[in-house]
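Chemist: Quick one: the structure is below, and I'll ask about it shortly.
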Amino acid sequence: MARAVVVRNLRRTYGEVVAVDDVSFHVDEGEIFGIIGPNGSGKTTTVECLQGLRSRSGGEVEVLGLDPGSHGTQVRQLIGSQLQESNLPDRIKVWEALDLFASRSRSAVDWRELAERWGLTGKLNAVFASLSGGQQQRLFVALALVNAPRLVFLDEMTTGLDPSARRLAWELIAAVREHGATVVLVTHFMDEAEALCDRIAVFHRGRVAALDTPGGLVAAHGGDSRVIFSTGEGDLSWLGSVPCVDGVARRGRRIEVSGHGAVLAHTAAALGARGIYPADLHFERPTLEDAFLNLVGGHGGQ
Ligand SMILES: Nc1ncnc2c1ncn2[C@@H]1O[C@H](COP(=O)(O)OP(=O)(O)OP(=O)(O)O)[C@@H](O)[C@H]1O
Ligand SMILES: [Mg+2]
């Protein structure tokens, strides 16, 4: 499969600070590739190096076959970009910004249609400074798509969006991919990464701590599943020897059985064999958030 992005041993330092230490990954064409990681783990530095907006201190980068370090202008014509710290002049009107960005691109996208899809039609004559945070964010994402890019970088696209705008953004990103574009998505929302991304790189302290499909990350790093139920039954220590069970914890009437594989089926069968049929028995699988916390530790930043 053709590669939209190839990163080899990328390094970026700011004086003493090593923002990106030794990052390697590739993004296939047509893929939605996620980057997640704690604050300060090097996500924005990496995607801005890929867009030729920051220089690199070491390593090699190819974006659509070009080196963004030496061919930044060419790369930026082919990509769409929504930056974490985007900005526009206060007095520019929404339609002017869309028209300006559309006129700079070679492919003709109808920006009115894009404005409509992003719920900006009623704001076309409003100046940028008068938009709410979420409306500004919608405008930035619309501007990132206005040149019908082959590759789109979205850095915290949905931060500040209300829940329905966030869902809309997900649909639009999926649609962008269906039109054949590749998406690199930096996000702090685990549900977003899980729902949208084909593969996800987990950044930690300027390195890639893990890279896999969402399901692969959860299976490898998410930890145990839990079977939870309530019972007045006294001694449940025998549960510890049921297949696939790793541990049993009790809090009053509430029992939490942790385990792997077919722990639910084995636990339910073992309970049933002893005449215990708890009405509230349920199963909790580890999530991407569990995998994230296990990989980077629970205390966030570096
Ligand atoms: N222009 C700069 N000058 C000095 N240090 C910088 C600069 N930009 C980033 N850094 C440092 O590089 C590290 C990585 O920053 P970066 O913005 O890439 O992180 P991030 O993963 O995008 O974080 P966040 O989730 O908060 O957006 C941080 O320690 C940050 O302080
Ligand atoms: Mg960032």
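Chain labels A, B, ... are given in the sequence in which chains occur in the structure tokens; within each chain residues are numbered consecutively from 1, and ligands are likewise numbered from 1 in the order shown.
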Would you kindly return, as a PyMOL selection string, each protein, DNA or RNA residue with an atom no farther than 12 Å from any atom of Pro243 in chain A, considering only C-alpha atoms and excluding same-chain residues fewer than 5 positions away?

Modeler: chain A and resi 238+257-270

Chemist: Got a sec to tell me which of range 150-271 of chain A DSSP assigns to helix (DSSP H, G or I), as number ranges by chain?

Modeler: A: 163-178, 190-196, 214-221, 237-241, 263-271

Chemist: Report, in Å to a single decimal, how far apart CA of Leu124 in chain A and CA of Ser164 in chain A are.

Modeler: 20.5 Å

Chemist: Rounded to one decimal place, report the CA of Asp162 in chain A-CA of Arg150 in chain A distance in Å.

Modeler: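 Between CA of Asp162 in chain A and CA of Arg150 in chain A the gap is 27.4 Å.
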
Chemist: Find the residues near ligand 1. Use a cut-off of 7 Å, count only C-alpha atoms and all ligand atoms, and write them as number ranges by chain.

Modeler: A: 14, 17-20, 37-46

Chemist: Using backbone DSSP assignments, extract all strand (DSSP E) residues from range 57-192 of chain A; output them as a list in words.

Modeler: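 Put together, the selection reads Gly58, Gly59, Glu60, Val61, Glu62, Val63, Ile79, Gly80, Ser81, Gln82, Leu151, Val152, Phe153, Leu154, Asp155, Thr182, Val183, Val184, Leu185 and Val186 of chain A.
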
Chemist: Export N, CA and C atoms of the chosen residues as a PDB file, in the first residue's frame?

Modeler:
ATOM      1  N   GLY A  58      16.556  16.199  13.736  1.00  0.00           N
ATOM      2  CA  GLY A  58      17.138  14.979  13.209  1.00  0.00           C
ATOM      3  C   GLY A  58      16.066  14.082  12.649  1.00  0.00           C
ATOM      4  N   GLY A  59      16.484  13.079  11.886  1.00  0.00           N
ATOM      5  CA  GLY A  59      15.545  12.118  11.333  1.00  0.00           C
ATOM      6  C   GLY A  59      15.085  12.479   9.936  1.00  0.00           C
ATOM      7  N   GLU A  60      14.263  11.609   9.385  1.00  0.00           N
ATOM      8  CA  GLU A  60      13.772  11.810   8.017  1.00  0.00           C
ATOM      9  C   GLU A  60      12.256  11.767   7.985  1.00  0.00           C
ATOM     10  N   VAL A  61      11.690  12.616   7.136  1.00  0.00           N
ATOM     11  CA  VAL A  61      10.234  12.692   7.022  1.00  0.00           C
ATOM     12  C   VAL A  61       9.865  12.779   5.545  1.00  0.00           C
ATOM     13  N   GLU A  62       8.862  12.017   5.150  1.00  0.00           N
ATOM     14  CA  GLU A  62       8.316  12.108   3.792  1.00  0.00           C
ATOM     15  C   GLU A  62       6.816  12.275   3.883  1.00  0.00           C
ATOM     16  N   VAL A  63       6.305  13.313   3.233  1.00  0.00           N
ATOM     17  CA  VAL A  63       4.865  13.558   3.228  1.00  0.00           C
ATOM     18  C   VAL A  63       4.424  13.624   1.771  1.00  0.00           C
ATOM     19  N   ILE A  79      -1.899  19.484   1.305  1.00  0.00           N
ATOM     20  CA  ILE A  79      -2.507  19.027   2.555  1.00  0.00           C
ATOM     21  C   ILE A  79      -3.553  20.029   3.040  1.00  0.00           C
ATOM     22  N   GLY A  80      -4.394  19.543   3.954  1.00  0.00           N
ATOM     23  CA  GLY A  80      -5.296  20.420   4.690  1.00  0.00           C
ATOM     24  C   GLY A  80      -4.808  20.442   6.113  1.00  0.00           C
ATOM     25  N   SER A  81      -4.985  21.582   6.772  1.00  0.00           N
ATOM     26  CA  SER A  81      -4.359  21.701   8.077  1.00  0.00           C
ATOM     27  C   SER A  81      -5.231  22.479   9.049  1.00  0.00           C
ATOM     28  N   GLN A  82      -5.453  21.868  10.198  1.00  0.00           N
ATOM     29  CA  GLN A  82      -6.094  22.599  11.295  1.00  0.00           C
ATOM     30  C   GLN A  82      -5.110  22.531  12.449  1.00  0.00           C
ATOM     31  N   LEU A 151      -4.393  14.814   2.061  1.00  0.00           N
ATOM     32  CA  LEU A 151      -3.960  14.449   3.412  1.00  0.00           C
ATOM     33  C   LEU A 151      -4.349  15.601   4.336  1.00  0.00           C
ATOM     34  N   VAL A 152      -5.022  15.280   5.431  1.00  0.00           N
ATOM     35  CA  VAL A 152      -5.493  16.316   6.349  1.00  0.00           C
ATOM     36  C   VAL A 152      -4.882  16.094   7.722  1.00  0.00           C
ATOM     37  N   PHE A 153      -4.353  17.166   8.292  1.00  0.00           N
ATOM     38  CA  PHE A 153      -3.862  17.117   9.678  1.00  0.00           C
ATOM     39  C   PHE A 153      -4.851  17.870  10.558  1.00  0.00           C
ATOM     40  N   LEU A 154      -5.336  17.192  11.589  1.00  0.00           N
ATOM     41  CA  LEU A 154      -6.277  17.825  12.503  1.00  0.00           C
ATOM     42  C   LEU A 154      -5.716  17.692  13.913  1.00  0.00           C
ATOM     43  N   ASP A 155      -5.359  18.807  14.515  1.00  0.00           N
ATOM     44  CA  ASP A 155      -4.747  18.784  15.855  1.00  0.00           C
ATOM     45  C   ASP A 155      -5.767  19.304  16.866  1.00  0.00           C
ATOM     46  N   THR A 182      -6.417  10.935   3.266  1.00  0.00           N
ATOM     47  CA  THR A 182      -5.791  10.354   4.446  1.00  0.00           C
ATOM     48  C   THR A 182      -5.918  11.382   5.571  1.00  0.00           C
ATOM     49  N   VAL A 183      -6.129  10.905   6.789  1.00  0.00           N
ATOM     50  CA  VAL A 183      -6.326  11.830   7.905  1.00  0.00           C
ATOM     51  C   VAL A 183      -5.353  11.481   9.030  1.00  0.00           C
ATOM     52  N   VAL A 184      -4.660  12.503   9.530  1.00  0.00           N
ATOM     53  CA  VAL A 184      -3.858  12.345  10.748  1.00  0.00           C
ATOM     54  C   VAL A 184      -4.539  13.188  11.824  1.00  0.00           C
ATOM     55  N   LEU A 185      -4.954  12.513  12.872  1.00  0.00           N
ATOM     56  CA  LEU A 185      -5.834  13.124  13.857  1.00  0.00           C
ATOM     57  C   LEU A 185      -5.178  13.096  15.241  1.00  0.00           C
ATOM     58  N   VAL A 186      -4.891  14.261  15.791  1.00  0.00           N
ATOM     59  CA  VAL A 186      -4.372  14.337  17.157  1.00  0.00           C
ATOM     60  C   VAL A 186      -5.559  14.617  18.070  1.00  0.00           C
TER      61      VAL A 186
END

Chemist: Hey, which of A:Gln74, A:Asn294, A:Gln137, A:Ser132 ends up closest to Trp118 in chain A? Count only C-alpha atoms.

Modeler: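 Checking each of A:Gln74, A:Asn294, A:Gln137, A:Ser132 against Trp118 in chain A, counting only C-alpha atoms, the winner is A:Gln137.
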
Chemist: Using CA of Val6 in chain A and CA of Gly206 in chain A as the two end points, give the distance in Å to one decimal.

Modeler: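 Computed distance, CA of Val6 in chain A to CA of Gly206 in chain A, equals 16.9 Å.
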
Chemist: Between A:Leu295, A:Ala129, A:Ala175, A:Ile36, which one has atoms that come closest to ligand 2, using only C-alpha atoms and all ligand atoms?

Modeler: A:Ile36

Chemist: When you look at Gly222 in chain A with a cut-off of 12 Å (counting only C-alpha atoms), what residues show up, excluding the ones that are within fewer than 3 positions of it in the same chain? I need them as a PyMOL selection string.

Modeler: chain A and resi 214-219+225-226+259-260+284-296

Chemist: Hey, which of A:Leu10, A:Leu196, A:Val94, A:Leu131 ends up closest to Ser57 in chain A? Count only C-alpha atoms.

Modeler: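 The shortest atom-to-atom distance to Ser57 in chain A comes from A:Leu10.
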
Chemist: Would you pick out the contacts of Gly34 in chain A at 8 Å or less, using only C-alpha atoms, so that residues sharing its chain but fewer than 6 positions from it are not included, and give the list as a ChimeraX atom specification?

Modeler: /A:184-187,193,197-201

Chemist: Which of these residues is nearest to ligand 2, using only C-alpha atoms and all ligand atoms: A:Arg177, A:Leu83, A:Arg12, A:Ala279?

Modeler: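 Using only C-alpha atoms and all ligand atoms, ligand 2 sits closest to A:Leu83.
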
Chemist: Given only C-alpha atoms and all ligand atoms as the basis, pick out the residue of A:Arg138, A:Ile35, A:Ser230, A:Leu120 nearest to ligand 2.

Modeler: A:Ile35

Chemist: Pick from A:Gly69, A:Gly298, A:Gly30, A:Gly234: nearest to Ile276 in chain A, with only C-alpha atoms counted?

Modeler: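 Using only C-alpha atoms, Ile276 in chain A sits closest to A:Gly234.
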